[in-house]
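What follows is the content of query28.cif (mmCIF, N, CA and C atoms).
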```cif
data_target
loop_
_atom_site.label_atom_id
_atom_site.label_comp_id
_atom_site.auth_asym_id
_atom_site.auth_seq_id
_atom_site.Cartn_x
_atom_site.Cartn_y
_atom_site.Cartn_z
N MET A 1 -0.36 23.81 -20.75
CA MET A 1 1.04 23.57 -20.98
C MET A 1 1.49 22.38 -20.12
N SER A 2 2.14 21.41 -20.73
CA SER A 2 2.56 20.21 -20.00
C SER A 2 3.93 20.41 -19.37
N ASN A 3 4.18 19.62 -18.35
CA ASN A 3 5.48 19.66 -17.68
C ASN A 3 6.53 18.97 -18.55
N PRO A 4 7.72 19.50 -18.59
CA PRO A 4 8.77 18.84 -19.38
C PRO A 4 9.19 17.53 -18.71
N ILE A 5 9.53 16.57 -19.52
CA ILE A 5 9.99 15.27 -19.03
C ILE A 5 11.42 15.40 -18.55
N ASP A 6 11.68 14.85 -17.39
CA ASP A 6 13.03 14.89 -16.80
C ASP A 6 13.77 13.63 -17.25
N PHE A 7 14.51 13.74 -18.34
CA PHE A 7 15.22 12.59 -18.89
C PHE A 7 16.36 12.15 -17.99
N ALA A 8 16.96 13.06 -17.28
CA ALA A 8 18.03 12.69 -16.35
C ALA A 8 17.48 11.79 -15.25
N GLN A 9 16.29 12.13 -14.72
CA GLN A 9 15.68 11.29 -13.69
C GLN A 9 15.29 9.93 -14.27
N ALA A 10 14.81 9.91 -15.50
CA ALA A 10 14.46 8.63 -16.14
C ALA A 10 15.71 7.76 -16.27
N TYR A 11 16.82 8.38 -16.61
CA TYR A 11 18.09 7.66 -16.70
C TYR A 11 18.45 7.02 -15.36
N TYR A 12 18.38 7.79 -14.29
CA TYR A 12 18.71 7.27 -12.95
C TYR A 12 17.73 6.19 -12.51
N ASN A 13 16.46 6.37 -12.85
CA ASN A 13 15.46 5.34 -12.53
C ASN A 13 15.77 4.03 -13.24
N GLY A 14 16.20 4.11 -14.49
CA GLY A 14 16.57 2.91 -15.24
C GLY A 14 17.74 2.18 -14.62
N LEU A 15 18.75 2.93 -14.19
CA LEU A 15 19.89 2.31 -13.52
C LEU A 15 19.47 1.64 -12.21
N GLU A 16 18.54 2.25 -11.50
CA GLU A 16 18.06 1.68 -10.24
C GLU A 16 17.30 0.37 -10.48
N VAL A 17 16.57 0.29 -11.58
CA VAL A 17 15.87 -0.95 -11.95
C VAL A 17 16.88 -2.08 -12.13
N VAL A 18 17.97 -1.80 -12.82
CA VAL A 18 19.01 -2.81 -13.05
C VAL A 18 19.63 -3.24 -11.72
N ARG A 19 19.94 -2.29 -10.85
CA ARG A 19 20.52 -2.63 -9.54
C ARG A 19 19.57 -3.52 -8.74
N ASN A 20 18.28 -3.19 -8.76
CA ASN A 20 17.30 -3.99 -8.02
C ASN A 20 17.17 -5.39 -8.59
N LYS A 21 17.18 -5.53 -9.91
CA LYS A 21 17.09 -6.86 -10.53
C LYS A 21 18.31 -7.70 -10.19
N LYS A 22 19.48 -7.09 -10.13
CA LYS A 22 20.70 -7.83 -9.75
C LYS A 22 20.60 -8.32 -8.31
N LYS A 23 20.06 -7.50 -7.42
CA LYS A 23 19.86 -7.92 -6.03
C LYS A 23 18.86 -9.08 -5.95
N GLU A 24 17.78 -8.98 -6.71
CA GLU A 24 16.78 -10.04 -6.73
C GLU A 24 17.36 -11.34 -7.29
N ALA A 25 18.17 -11.25 -8.33
CA ALA A 25 18.80 -12.44 -8.92
C ALA A 25 19.72 -13.10 -7.90
N ALA A 26 20.49 -12.31 -7.16
CA ALA A 26 21.37 -12.86 -6.12
C ALA A 26 20.55 -13.52 -5.01
N GLU A 27 19.42 -12.92 -4.66
CA GLU A 27 18.54 -13.49 -3.64
C GLU A 27 17.97 -14.83 -4.10
N ILE A 28 17.53 -14.90 -5.36
CA ILE A 28 16.99 -16.14 -5.93
C ILE A 28 18.07 -17.22 -5.92
N ASP A 29 19.28 -16.88 -6.33
CA ASP A 29 20.38 -17.85 -6.34
C ASP A 29 20.69 -18.34 -4.93
N ALA A 30 20.65 -17.46 -3.95
CA ALA A 30 20.92 -17.85 -2.55
C ALA A 30 19.85 -18.82 -2.04
N VAL A 31 18.59 -18.56 -2.37
CA VAL A 31 17.51 -19.46 -1.96
C VAL A 31 17.68 -20.82 -2.63
N LEU A 32 18.02 -20.84 -3.91
CA LEU A 32 18.20 -22.11 -4.62
C LEU A 32 19.37 -22.90 -4.05
N THR A 33 20.44 -22.23 -3.70
CA THR A 33 21.59 -22.90 -3.09
C THR A 33 21.18 -23.53 -1.76
N ARG A 34 20.47 -22.78 -0.94
CA ARG A 34 20.02 -23.31 0.36
C ARG A 34 19.04 -24.46 0.17
N PHE A 35 18.14 -24.34 -0.80
CA PHE A 35 17.19 -25.41 -1.12
C PHE A 35 17.92 -26.71 -1.44
N CYS A 36 18.91 -26.61 -2.34
CA CYS A 36 19.67 -27.79 -2.75
C CYS A 36 20.45 -28.39 -1.59
N GLU A 37 21.08 -27.56 -0.79
CA GLU A 37 21.87 -28.04 0.34
C GLU A 37 20.99 -28.70 1.40
N GLU A 38 19.84 -28.12 1.69
CA GLU A 38 18.96 -28.68 2.72
C GLU A 38 18.34 -30.00 2.29
N VAL A 39 17.98 -30.13 1.02
CA VAL A 39 17.44 -31.41 0.55
C VAL A 39 18.55 -32.47 0.55
N HIS A 40 19.75 -32.10 0.15
CA HIS A 40 20.89 -33.02 0.20
C HIS A 40 21.11 -33.50 1.64
N THR A 41 21.10 -32.59 2.59
CA THR A 41 21.28 -32.95 4.00
C THR A 41 20.14 -33.82 4.51
N ALA A 42 18.91 -33.45 4.16
CA ALA A 42 17.75 -34.22 4.60
C ALA A 42 17.77 -35.65 4.06
N SER A 43 18.34 -35.83 2.88
CA SER A 43 18.43 -37.17 2.28
C SER A 43 19.65 -37.94 2.80
N LYS A 44 20.32 -37.36 3.77
CA LYS A 44 21.54 -37.95 4.34
C LYS A 44 22.60 -38.19 3.27
N GLY A 45 22.68 -37.26 2.34
CA GLY A 45 23.69 -37.32 1.29
C GLY A 45 23.37 -38.24 0.13
N LYS A 46 22.19 -38.84 0.13
CA LYS A 46 21.85 -39.78 -0.94
C LYS A 46 21.41 -39.10 -2.22
N LEU A 47 20.98 -37.84 -2.13
CA LEU A 47 20.53 -37.10 -3.31
C LEU A 47 21.37 -35.85 -3.51
N VAL A 48 21.55 -35.50 -4.76
CA VAL A 48 22.25 -34.27 -5.13
C VAL A 48 21.30 -33.47 -6.01
N LEU A 49 21.14 -32.21 -5.68
CA LEU A 49 20.34 -31.31 -6.52
C LEU A 49 21.29 -30.33 -7.18
N GLU A 50 21.07 -30.08 -8.45
CA GLU A 50 21.93 -29.19 -9.22
C GLU A 50 21.09 -28.13 -9.89
N VAL A 51 21.54 -26.89 -9.79
CA VAL A 51 20.88 -25.80 -10.48
C VAL A 51 21.60 -25.60 -11.81
N GLY A 52 20.85 -25.62 -12.88
CA GLY A 52 21.44 -25.43 -14.21
C GLY A 52 20.54 -24.57 -15.06
N ARG A 53 20.84 -24.57 -16.33
CA ARG A 53 20.06 -23.78 -17.29
C ARG A 53 19.73 -24.66 -18.49
N ARG A 54 18.63 -24.35 -19.11
CA ARG A 54 18.27 -25.05 -20.33
C ARG A 54 19.23 -24.62 -21.43
N PRO A 55 19.60 -25.54 -22.32
CA PRO A 55 20.49 -25.16 -23.43
C PRO A 55 19.89 -24.04 -24.27
N TYR A 56 20.73 -23.17 -24.74
CA TYR A 56 20.37 -22.09 -25.65
C TYR A 56 19.45 -21.04 -25.03
N CYS A 57 19.43 -20.95 -23.71
CA CYS A 57 18.63 -19.93 -23.05
C CYS A 57 19.52 -18.80 -22.57
N ASN A 58 18.97 -17.63 -22.52
CA ASN A 58 19.63 -16.50 -21.89
C ASN A 58 19.81 -16.88 -20.41
N PRO A 59 20.95 -16.64 -19.80
CA PRO A 59 21.18 -17.05 -18.41
C PRO A 59 20.11 -16.59 -17.43
N SER A 60 19.46 -15.47 -17.70
CA SER A 60 18.44 -15.01 -16.77
C SER A 60 17.05 -15.54 -17.10
N ASP A 61 16.93 -16.31 -18.19
CA ASP A 61 15.61 -16.75 -18.64
C ASP A 61 15.04 -17.93 -17.86
N LEU A 62 15.79 -18.99 -17.74
CA LEU A 62 15.22 -20.20 -17.17
C LEU A 62 16.28 -20.97 -16.39
N LYS A 63 15.96 -21.29 -15.16
CA LYS A 63 16.84 -22.11 -14.34
C LYS A 63 16.13 -23.43 -14.09
N VAL A 64 16.90 -24.47 -13.96
CA VAL A 64 16.35 -25.80 -13.77
C VAL A 64 17.02 -26.43 -12.55
N ILE A 65 16.22 -27.06 -11.71
CA ILE A 65 16.79 -27.85 -10.62
C ILE A 65 16.61 -29.31 -10.99
N ALA A 66 17.73 -30.01 -11.13
CA ALA A 66 17.72 -31.44 -11.44
C ALA A 66 18.14 -32.19 -10.19
N ILE A 67 17.63 -33.39 -10.04
CA ILE A 67 17.92 -34.21 -8.87
C ILE A 67 18.45 -35.56 -9.33
N LYS A 68 19.44 -36.10 -8.61
CA LYS A 68 20.00 -37.41 -8.94
C LYS A 68 20.51 -38.07 -7.66
N ARG A 69 20.79 -39.36 -7.74
CA ARG A 69 21.43 -40.06 -6.62
C ARG A 69 22.89 -39.64 -6.56
N SER A 70 23.40 -39.51 -5.37
CA SER A 70 24.75 -38.96 -5.23
C SER A 70 25.85 -39.91 -5.70
N LYS A 71 25.68 -41.22 -5.55
CA LYS A 71 26.75 -42.16 -5.91
C LYS A 71 26.39 -42.99 -7.13
N SER A 72 25.57 -42.45 -7.99
CA SER A 72 25.11 -43.21 -9.14
C SER A 72 26.12 -43.18 -10.27
N LYS A 73 26.41 -44.36 -10.84
CA LYS A 73 27.24 -44.43 -12.05
C LYS A 73 26.42 -43.97 -13.25
N ALA A 74 25.14 -44.30 -13.21
CA ALA A 74 24.25 -43.88 -14.30
C ALA A 74 24.03 -42.37 -14.22
N ARG A 75 23.77 -41.78 -15.34
CA ARG A 75 23.55 -40.34 -15.38
C ARG A 75 22.06 -40.02 -15.32
N VAL A 76 21.35 -40.71 -14.45
CA VAL A 76 19.92 -40.50 -14.33
C VAL A 76 19.68 -39.22 -13.50
N ARG A 77 19.12 -38.24 -14.17
CA ARG A 77 18.74 -36.99 -13.52
C ARG A 77 17.26 -36.76 -13.82
N LYS A 78 16.58 -36.27 -12.85
CA LYS A 78 15.17 -35.93 -13.03
C LYS A 78 15.02 -34.42 -12.82
N THR A 79 14.33 -33.77 -13.73
CA THR A 79 14.06 -32.35 -13.53
C THR A 79 13.01 -32.22 -12.45
N LEU A 80 13.35 -31.48 -11.42
CA LEU A 80 12.43 -31.30 -10.31
C LEU A 80 11.57 -30.06 -10.51
N VAL A 81 12.18 -28.97 -10.97
CA VAL A 81 11.44 -27.73 -11.11
C VAL A 81 12.14 -26.81 -12.12
N ASP A 82 11.33 -26.05 -12.85
CA ASP A 82 11.83 -25.00 -13.74
C ASP A 82 11.50 -23.66 -13.10
N ILE A 83 12.44 -22.74 -13.16
CA ILE A 83 12.26 -21.42 -12.57
C ILE A 83 12.56 -20.37 -13.63
N GLU A 84 11.62 -19.49 -13.85
CA GLU A 84 11.79 -18.45 -14.86
C GLU A 84 11.68 -17.08 -14.20
N PRO A 85 12.83 -16.49 -13.87
CA PRO A 85 12.81 -15.14 -13.30
C PRO A 85 12.49 -14.11 -14.38
N SER A 86 11.80 -13.07 -14.00
CA SER A 86 11.51 -11.98 -14.94
C SER A 86 12.70 -11.04 -14.98
N GLN A 87 13.38 -11.02 -16.09
CA GLN A 87 14.56 -10.18 -16.27
C GLN A 87 15.56 -10.40 -15.13
N GLY A 88 15.67 -11.64 -14.69
CA GLY A 88 16.63 -11.99 -13.65
C GLY A 88 16.08 -11.97 -12.24
N GLY A 89 14.90 -11.40 -12.03
CA GLY A 89 14.38 -11.26 -10.66
C GLY A 89 12.91 -11.62 -10.56
N TYR A 90 12.20 -10.89 -9.71
CA TYR A 90 10.77 -11.10 -9.50
C TYR A 90 9.97 -10.20 -10.43
N PRO A 91 8.75 -10.59 -10.79
CA PRO A 91 8.10 -11.84 -10.45
C PRO A 91 8.81 -13.02 -11.10
N CYS A 92 8.63 -14.16 -10.49
CA CYS A 92 9.34 -15.37 -10.90
C CYS A 92 8.29 -16.47 -11.08
N VAL A 93 8.34 -17.19 -12.19
CA VAL A 93 7.39 -18.27 -12.45
C VAL A 93 8.08 -19.60 -12.14
N ILE A 94 7.42 -20.41 -11.32
CA ILE A 94 7.93 -21.73 -10.95
C ILE A 94 7.01 -22.76 -11.61
N ARG A 95 7.62 -23.68 -12.38
CA ARG A 95 6.86 -24.72 -13.08
C ARG A 95 7.27 -26.08 -12.53
N HIS A 96 6.23 -26.90 -12.27
CA HIS A 96 6.50 -28.24 -11.76
C HIS A 96 5.28 -29.12 -11.97
N GLY A 97 5.52 -30.30 -12.49
CA GLY A 97 4.47 -31.32 -12.57
C GLY A 97 3.17 -30.88 -13.20
N GLY A 98 3.21 -30.05 -14.21
CA GLY A 98 1.99 -29.65 -14.90
C GLY A 98 1.35 -28.38 -14.35
N TRP A 99 1.88 -27.81 -13.31
CA TRP A 99 1.33 -26.56 -12.81
C TRP A 99 2.42 -25.50 -12.73
N PHE A 100 1.99 -24.27 -12.59
CA PHE A 100 2.95 -23.19 -12.42
C PHE A 100 2.37 -22.16 -11.47
N LYS A 101 3.28 -21.42 -10.87
CA LYS A 101 2.88 -20.38 -9.93
C LYS A 101 3.82 -19.20 -10.10
N SER A 102 3.27 -18.01 -10.09
CA SER A 102 4.07 -16.79 -10.16
C SER A 102 4.23 -16.24 -8.75
N VAL A 103 5.47 -15.95 -8.37
CA VAL A 103 5.74 -15.41 -7.04
C VAL A 103 6.38 -14.03 -7.20
N ILE A 104 6.17 -13.18 -6.19
CA ILE A 104 6.63 -11.80 -6.32
C ILE A 104 7.73 -11.43 -5.33
N ASP A 105 8.08 -12.37 -4.43
CA ASP A 105 9.12 -12.04 -3.46
C ASP A 105 9.74 -13.32 -2.90
N LYS A 106 10.74 -13.14 -2.04
CA LYS A 106 11.48 -14.26 -1.47
C LYS A 106 10.57 -15.21 -0.68
N ASP A 107 9.67 -14.65 0.11
CA ASP A 107 8.78 -15.50 0.93
C ASP A 107 7.92 -16.40 0.05
N GLY A 108 7.34 -15.83 -1.01
CA GLY A 108 6.53 -16.63 -1.93
C GLY A 108 7.37 -17.66 -2.67
N PHE A 109 8.59 -17.29 -3.00
CA PHE A 109 9.51 -18.20 -3.70
C PHE A 109 9.82 -19.41 -2.83
N GLU A 110 10.19 -19.15 -1.58
CA GLU A 110 10.52 -20.25 -0.66
C GLU A 110 9.30 -21.12 -0.39
N ALA A 111 8.14 -20.51 -0.18
CA ALA A 111 6.92 -21.27 0.09
C ALA A 111 6.56 -22.17 -1.10
N THR A 112 6.74 -21.68 -2.31
CA THR A 112 6.41 -22.46 -3.49
C THR A 112 7.39 -23.61 -3.68
N LEU A 113 8.66 -23.39 -3.40
CA LEU A 113 9.64 -24.49 -3.47
C LEU A 113 9.30 -25.56 -2.44
N ALA A 114 8.86 -25.16 -1.25
CA ALA A 114 8.44 -26.14 -0.24
C ALA A 114 7.21 -26.90 -0.72
N GLU A 115 6.30 -26.21 -1.38
CA GLU A 115 5.10 -26.84 -1.94
C GLU A 115 5.49 -27.87 -3.00
N VAL A 116 6.49 -27.56 -3.81
CA VAL A 116 6.98 -28.50 -4.82
C VAL A 116 7.46 -29.78 -4.14
N LEU A 117 8.28 -29.64 -3.11
CA LEU A 117 8.82 -30.82 -2.41
C LEU A 117 7.73 -31.70 -1.82
N GLN A 118 6.61 -31.10 -1.45
CA GLN A 118 5.52 -31.84 -0.82
C GLN A 118 4.51 -32.38 -1.83
N SER A 119 4.73 -32.11 -3.10
CA SER A 119 3.80 -32.58 -4.13
C SER A 119 4.04 -34.05 -4.44
N TYR A 120 3.02 -34.70 -4.96
CA TYR A 120 3.15 -36.11 -5.33
C TYR A 120 4.23 -36.29 -6.40
N SER A 121 4.23 -35.42 -7.39
CA SER A 121 5.17 -35.56 -8.50
C SER A 121 6.62 -35.53 -8.01
N ALA A 122 6.96 -34.58 -7.16
CA ALA A 122 8.33 -34.49 -6.64
C ALA A 122 8.63 -35.68 -5.73
N ALA A 123 7.69 -36.02 -4.87
CA ALA A 123 7.89 -37.15 -3.96
C ALA A 123 8.10 -38.44 -4.74
N HIS A 124 7.36 -38.59 -5.84
CA HIS A 124 7.51 -39.78 -6.68
C HIS A 124 8.90 -39.84 -7.31
N LYS A 125 9.39 -38.71 -7.82
CA LYS A 125 10.74 -38.68 -8.41
C LYS A 125 11.80 -38.99 -7.36
N ILE A 126 11.66 -38.41 -6.19
CA ILE A 126 12.61 -38.65 -5.12
C ILE A 126 12.58 -40.12 -4.70
N HIS A 127 11.39 -40.65 -4.52
CA HIS A 127 11.25 -42.05 -4.13
C HIS A 127 11.87 -42.97 -5.19
N TYR A 128 11.62 -42.68 -6.45
CA TYR A 128 12.18 -43.47 -7.54
C TYR A 128 13.71 -43.49 -7.46
N LEU A 129 14.31 -42.33 -7.27
CA LEU A 129 15.77 -42.26 -7.21
C LEU A 129 16.33 -42.96 -5.98
N LEU A 130 15.64 -42.86 -4.88
CA LEU A 130 16.14 -43.48 -3.64
C LEU A 130 15.97 -44.99 -3.63
N THR A 131 15.02 -45.52 -4.39
CA THR A 131 14.76 -46.95 -4.34
C THR A 131 15.25 -47.70 -5.57
N ARG A 132 15.99 -47.02 -6.43
CA ARG A 132 16.56 -47.70 -7.59
C ARG A 132 17.47 -48.82 -7.13
N SER A 133 17.65 -49.80 -7.97
CA SER A 133 18.53 -50.92 -7.68
C SER A 133 19.94 -50.43 -7.34
N HIS A 134 20.59 -51.10 -6.44
CA HIS A 134 21.95 -50.74 -6.05
C HIS A 134 22.97 -51.08 -7.15
N GLU A 135 22.51 -51.66 -8.24
CA GLU A 135 23.43 -52.02 -9.33
C GLU A 135 24.07 -50.81 -9.98
N ASP A 136 23.41 -49.65 -9.88
CA ASP A 136 23.95 -48.48 -10.56
C ASP A 136 24.73 -47.57 -9.59
N THR A 137 25.12 -48.09 -8.44
CA THR A 137 25.89 -47.27 -7.49
C THR A 137 27.31 -47.77 -7.37
N ASN A 138 28.16 -46.93 -6.88
CA ASN A 138 29.56 -47.30 -6.64
C ASN A 138 29.71 -48.08 -5.35
N ALA A 139 28.75 -47.95 -4.46
CA ALA A 139 28.87 -48.59 -3.14
C ALA A 139 28.62 -50.07 -3.18
#
```

As structure tokens - that is how I would like this structure written.
Amino acid sequence: MSNPIDFAQAYYNGLEVVRNKKKEAAEIDAVLTRFCEEVHTASKGKLVLEVGRRPYCNPSDLKVIAIKRSKSKARVRKTLVDIEPSQGGYPCVIRHGGWFKSVIDKDGFEATLAEVLQSYSAAHKIHYLLTRSHEDTNA
């Protein structure tokens, strides 16, 4: 004779999954905000990073970090990294420059974003934006 399934407990477990995913999504957003602010500060205000979403995507599906010069008249933005949270949280897939990595927590997420910044592809995009002709700036 098998044990009866506790549907009430399954219900509560499902609600707990949603609460945990919301916490993870908030944690991911906080890390991305800090990432953008610290790169902006490190560039002495010359670069702006923006977190956005791909058109026609579910808000929890794919986040994009774009980078541009802060005083540029031109709308030149370079995609730095794509981030795909699983149902809003972890595991989270980070795509950049032809490679991707799946991370399972905040520490792995932060370490992978730091790895992106140190990659040739990201450094090349940053260098390109910083050394563009001054013709496209307001200054």

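Pairwise distance (atom N of Tyr90 in chain A, atom N of Leu113 in chain A) equals 14.4 Å.
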
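The residue that comes closest to Gln87 in chain A, out of A:Val39, A:Ala30, A:Ala111, A:Leu62 and on the basis of only C-alpha atoms, is A:Leu62.
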
Check: Residues at most 8 Å from range 98-110 of chain A, counting only N, CA and C atoms, excluding those fewer than 4 positions away in the same chain, as a PyMOL selection string?
Finding: chain A and resi 27-28+31+89-94+114-116

Can you list, as a PyMOL selection string, all residues belonging to chain A that DSSP tags as helix (DSSP H, G or I)?
chain A and resi 7-42+106-117+120-131+134-136

**OP:** Please give the complete set of residues from chain A that DSSP, run on the backbone, assigns to strand (DSSP E or B), formatted as JSON, numbers by chain.
**Re:** {"A": [47, 48, 49, 50, 51, 52, 53, 63, 64, 65, 66, 67, 68, 69, 72, 78, 79, 80, 81, 82, 83, 84, 85, 86, 89, 90, 91, 92, 93, 94, 95, 96, 99, 100, 101, 102, 103, 137]}

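The two atoms in question, CA of Ala66 in chain A and CA of Arg53 in chain A, are spaced 9.9 Å apart.
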
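One distance worth recording is that between CA of Ser119 in chain A and atom C of Gly45 in chain A, which is 20.8 Å.
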
Using the chain letters and numbering of this document, enumerate as an MDAnalysis selection string the residues selected by the PyMOL selection byres ((chain A and resi 65) around 6.5). chainID A and resid 49:52 63:64 66:67 78:83

Chain and number of each residue from the PyMOL selection byres ((chain A and resi 68) around 5), as a PyMOL selection string
chain A and resi 47-48+66-67+69-70+76-77

All file atoms of range 7-23 of chain A boxed axis-aligned, 6 Å per side, centre plus edges, as lines of an AutoDock Vina configuration file:
```
center_x = 17.6
center_y = 2.3
center_z = -12.4
size_x = 18.2
size_y = 34.8
size_z = 24.9
```

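Using all atoms listed in the file, the smallest distance between any of A:Arg75, A:Lys46, A:Ser86, A:Ala10 and Asp61 in chain A comes from A:Ser86.
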